[in-house]
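Next up, structure10.csv (CSV, C-alpha atoms):
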```csv
chain,number,residue,atom,x,y,z
A,5,MET,CA,0.0,0.0,0.0
A,6,HIS,CA,2.8,2.4,0.8
A,7,GLU,CA,4.2,1.9,-2.7
A,8,GLU,CA,0.9,2.6,-4.4
A,9,LEU,CA,-0.2,5.5,-2.1
A,10,GLN,CA,3.2,7.2,-1.7
A,11,TYR,CA,2.7,9.2,-4.9
A,12,GLU,CA,-0.6,10.4,-3.4
A,13,ARG,CA,1.4,11.3,-0.3
A,14,ILE,CA,-0.9,9.2,1.9
A,15,ALA,CA,0.7,7.3,4.8
A,16,HIS,CA,-1.4,5.2,7.2
A,17,GLY,CA,-0.4,7.4,10.2
A,18,ASN,CA,-2.0,5.2,12.9
A,19,LEU,CA,-0.8,1.7,12.2
A,20,LYS,CA,-1.3,-0.6,15.2
A,21,SER,CA,-2.4,-4.2,15.7
A,22,SER,CA,-6.0,-3.3,16.4
A,23,ASN,CA,-6.2,-1.8,12.9
A,24,ILE,CA,-5.3,-5.1,11.3
A,25,LEU,CA,-8.5,-7.1,10.6
A,26,LEU,CA,-8.8,-10.6,9.1
A,27,ASN,CA,-11.3,-11.5,6.4
A,28,GLU,CA,-13.0,-14.9,6.2
A,29,ASN,CA,-9.9,-16.4,4.5
A,30,MET,CA,-7.7,-15.1,7.4
A,31,GLU,CA,-6.1,-12.5,5.0
A,32,PRO,CA,-5.1,-9.3,6.7
A,33,ARG,CA,-6.9,-6.0,5.9
A,34,ILE,CA,-5.7,-2.7,7.3
A,35,SER,CA,-8.3,-0.3,8.6
A,36,GLU,CA,-8.2,3.5,9.1
A,37,TYR,CA,-5.7,4.0,6.3
A,38,GLY,CA,-4.8,7.6,5.6
A,39,LEU,CA,-6.8,9.1,8.4
A,40,MET,CA,-3.6,11.0,9.5
A,41,SER,CA,-2.9,12.4,6.1
A,42,THR,CA,-4.4,15.8,7.0
A,43,VAL,CA,-1.7,16.5,9.5
A,44,GLU,CA,0.3,19.5,8.1
A,45,ASN,CA,3.1,20.0,10.6
A,46,ILE,CA,4.6,16.5,10.0
A,47,GLN,CA,6.7,15.9,6.9
A,48,GLU,CA,5.3,13.3,4.6
A,49,HIS,CA,8.5,11.3,4.6
A,50,SER,CA,8.5,11.0,8.4
A,51,LEU,CA,4.9,9.8,8.4
A,52,PHE,CA,5.9,6.9,6.1
A,53,LYS,CA,8.8,6.2,8.5
A,54,GLU,CA,6.4,6.3,11.4
A,55,ASP,CA,4.4,3.6,9.7
A,56,THR,CA,7.6,1.6,9.4
A,57,TYR,CA,8.2,2.0,13.2
A,58,ALA,CA,4.6,1.0,14.0
A,59,PHE,CA,4.9,-2.1,11.8
A,60,GLY,CA,8.1,-3.0,13.7
A,61,VAL,CA,6.2,-2.7,16.9
A,62,ILE,CA,3.5,-5.0,15.5
A,63,LEU,CA,6.2,-7.6,14.6
A,64,LEU,CA,7.5,-7.3,18.2
A,65,GLU,CA,4.0,-7.8,19.6
A,66,LEU,CA,3.7,-11.0,17.5
A,67,LEU,CA,7.2,-12.3,18.5
A,68,THR,CA,7.0,-11.5,22.2
A,69,GLY,CA,3.3,-12.0,23.0
A,70,ARG,CA,3.4,-8.6,24.8
A,71,THR,CA,1.5,-5.4,24.1
A,72,VAL,CA,3.0,-2.0,23.2
A,73,LEU,CA,3.0,-0.9,26.8
A,74,ASN,CA,3.4,-3.8,29.1
A,75,GLU,CA,3.7,-3.1,32.9
A,76,GLY,CA,4.7,0.5,32.0
A,77,LEU,CA,7.6,-0.5,29.8
A,78,ASP,CA,7.7,0.5,26.2
A,79,LEU,CA,7.9,-2.8,24.1
A,80,ALA,CA,10.5,-1.6,21.6
A,81,SER,CA,12.8,-0.3,24.4
A,82,TRP,CA,12.4,-3.5,26.4
A,83,VAL,CA,13.3,-5.7,23.3
A,84,LEU,CA,16.3,-3.5,22.4
A,85,ALA,CA,17.5,-3.7,26.0
A,86,VAL,CA,17.1,-7.5,26.2
A,87,VAL,CA,18.8,-8.0,22.8
A,88,SER,CA,21.7,-5.7,23.7
A,89,GLU,CA,22.4,-8.0,26.7
A,90,GLU,CA,22.5,-10.9,24.2
A,91,TRP,CA,19.5,-12.6,25.8
A,92,THR,CA,17.7,-12.7,22.4
A,93,VAL,CA,15.7,-15.9,23.1
A,94,GLU,CA,14.2,-14.3,26.2
A,95,VAL,CA,12.2,-11.9,24.1
A,96,PHE,CA,10.2,-14.6,22.3
A,97,ASP,CA,6.8,-15.7,23.4
A,98,LYS,CA,7.3,-19.1,25.1
A,99,SER,CA,4.1,-20.4,23.4
A,100,LEU,CA,5.7,-19.9,20.0
A,101,ILE,CA,8.7,-22.0,21.0
A,102,ARG,CA,6.5,-24.7,22.6
A,103,GLU,CA,4.5,-25.0,19.4
A,104,GLY,CA,7.7,-25.5,17.4
A,105,ALA,CA,8.2,-22.2,15.7
A,106,SER,CA,11.6,-21.9,14.0
A,107,GLU,CA,13.9,-20.0,16.4
A,108,GLU,CA,16.1,-19.1,13.4
A,109,ARG,CA,13.1,-17.6,11.6
A,110,MET,CA,12.0,-15.7,14.7
A,111,VAL,CA,15.5,-14.3,15.1
A,112,ASN,CA,15.4,-13.2,11.4
A,113,VAL,CA,12.0,-11.5,11.9
A,114,LEU,CA,13.3,-9.9,15.1
A,115,GLN,CA,16.2,-8.4,13.2
A,116,VAL,CA,13.7,-6.9,10.7
A,117,ALA,CA,11.6,-5.5,13.5
A,118,ILE,CA,14.7,-4.0,15.2
A,119,LYS,CA,15.6,-2.2,12.0
A,120,CYS,CA,12.0,-0.8,11.8
A,121,VAL,CA,12.0,0.6,15.4
A,122,ASN,CA,15.4,2.3,15.0
A,123,LYS,CA,15.3,5.7,16.7
A,124,SER,CA,16.7,7.3,13.6
A,125,PHE,CA,14.2,8.0,10.9
A,126,GLU,CA,16.9,7.9,8.2
A,127,SER,CA,18.1,4.5,9.4
A,128,ARG,CA,14.7,2.8,9.2
A,129,PRO,CA,14.0,0.8,6.0
A,130,ASN,CA,11.0,1.7,3.9
A,131,MET,CA,8.0,-0.7,3.9
A,132,ARG,CA,9.1,-2.1,0.5
A,133,GLN,CA,12.4,-3.1,2.0
A,134,VAL,CA,10.7,-4.6,5.0
A,135,ALA,CA,8.3,-6.6,2.8
A,136,LEU,CA,11.2,-7.9,0.7
A,137,SER,CA,13.1,-8.9,3.9
A,138,ILE,CA,10.2,-10.8,5.3
A,139,ARG,CA,9.5,-12.4,1.9
A,140,ALA,CA,13.1,-13.6,1.8
A,141,ILE,CA,12.8,-15.1,5.3
A,142,ILE,CA,9.7,-17.0,4.2
A,143,GLU,CA,11.3,-18.2,1.0
A,144,ASP,CA,14.5,-19.4,2.9
A,145,ASP,CA,12.3,-21.2,5.4
A,146,GLU,CA,10.3,-22.9,2.6
A,147,LYS,CA,13.5,-23.9,0.9
A,148,SER,CA,14.9,-25.4,4.1
A,149,MET,CA,11.5,-27.3,4.6
A,150,ASP,CA,11.7,-28.6,1.1
A,151,ALA,CA,15.2,-29.8,1.6
A,152,SER,CA,14.3,-31.5,4.9
A,153,GLU,CA,11.3,-33.2,3.3
A,154,LEU,CA,13.6,-34.3,0.4
A,155,SER,CA,16.0,-35.7,3.0
A,156,VAL,CA,13.3,-37.6,4.8
A,157,THR,CA,12.0,-39.0,1.5
A,158,ARG,CA,15.5,-40.1,0.5
A,159,SER,CA,15.9,-41.9,3.8
A,160,PHE,CA,12.7,-43.8,3.3
A,161,ILE,CA,13.8,-44.7,-0.3
A,162,ASP,CA,17.2,-45.9,1.0
A,163,LEU,CA,15.4,-48.4,3.4
```
For the structure just supplied, provide its representation as structure tokens.
Amino acid sequence: MHEELQYERIAHGNLKSSNILLNENMEPRISEYGLMSTVENIQEHSLFKEDTYAFGVILLELLTGRTVLNEGLDLASWVLAVVSEEWTVEVFDKSLIREGASEERMVNVLQVAIKCVNKSFESRPNMRQVALSIRAIIEDDEKSMDASELSVTRSFIDL
């Protein structure tokens, strides 16, 4: 959406998990798009980068199972503090790990989220870069699953 609406200079401006709805096929739909476009004091470029930050926070919510403000602590600040202490696995929602989510994939998504919540506007990726990074993580994961399935199949054939 950013790519299509950037020429119209319309950022979301209020991206948060409660604005992401799922249709009957569990496909995400974003509500309230462009409601902040009438703000004149804020530069358009920074609104798009604010959306990147907000998307990073949504990724952090998914990875940690925590909300934006949890026990008075800002989620992005908490994650950055834990990761800086090299306790990366501590940020992940334990239920994701129990259910067999790929820790490598979660770390890769966490790295994308951390880039998104960078305090410096200029250092944040644009949403196209974020989408490409996530797509690459998914494709790598699918390739590794295909390779492991091929390995299992070959082991049965060798029997």
Contact check, segment 51-115 of chain A to segment 119-132 of chain A, at most 12 Å, counting only C-alpha atoms, closest pairs as a tab-separated table:
```
residue	atom	partner	partner_atom	distance
A:Leu51	CA	A:Phe125	CA	9.8
A:Phe52	CA	A:Asn130	CA	7.6
A:Lys53	CA	A:Phe125	CA	6.2
A:Glu54	CA	A:Phe125	CA	8.0
A:Asp55	CA	A:Met131	CA	8.1
A:Thr56	CA	A:Cys120	CA	5.6
A:Tyr57	CA	A:Val121	CA	4.6
A:Ala58	CA	A:Val121	CA	7.5
A:Phe59	CA	A:Cys120	CA	7.2
A:Gly60	CA	A:Cys120	CA	4.9
A:Val61	CA	A:Val121	CA	6.8
A:Ile62	CA	A:Cys120	CA	10.2
A:Leu63	CA	A:Cys120	CA	9.4
A:Leu64	CA	A:Val121	CA	9.5
A:Asp78	CA	A:Val121	CA	11.6
A:Leu79	CA	A:Val121	CA	10.2
A:Ala80	CA	A:Val121	CA	6.7
A:Ser81	CA	A:Val121	CA	9.1
A:Trp82	CA	A:Val121	CA	11.7
A:Val83	CA	A:Val121	CA	10.2
A:Leu84	CA	A:Val121	CA	9.2
A:Asn112	CA	A:Lys119	CA	11.0
A:Val113	CA	A:Lys119	CA	10.0
A:Leu114	CA	A:Lys119	CA	8.6
A:Gln115	CA	A:Lys119	CA	6.3
```
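Each of A:Ile34, A:Asp144, A:Val72, A:Val111 was checked against Val87 of chain A using only C-alpha atoms; the smallest atom-to-atom distance is that of A:Val111.
Shortest separation to Leu100 of chain A among A:Ser21, A:Asn29, A:Thr68, A:Ser137 occurs at residue A:Thr68, atoms counted being only C-alpha atoms.
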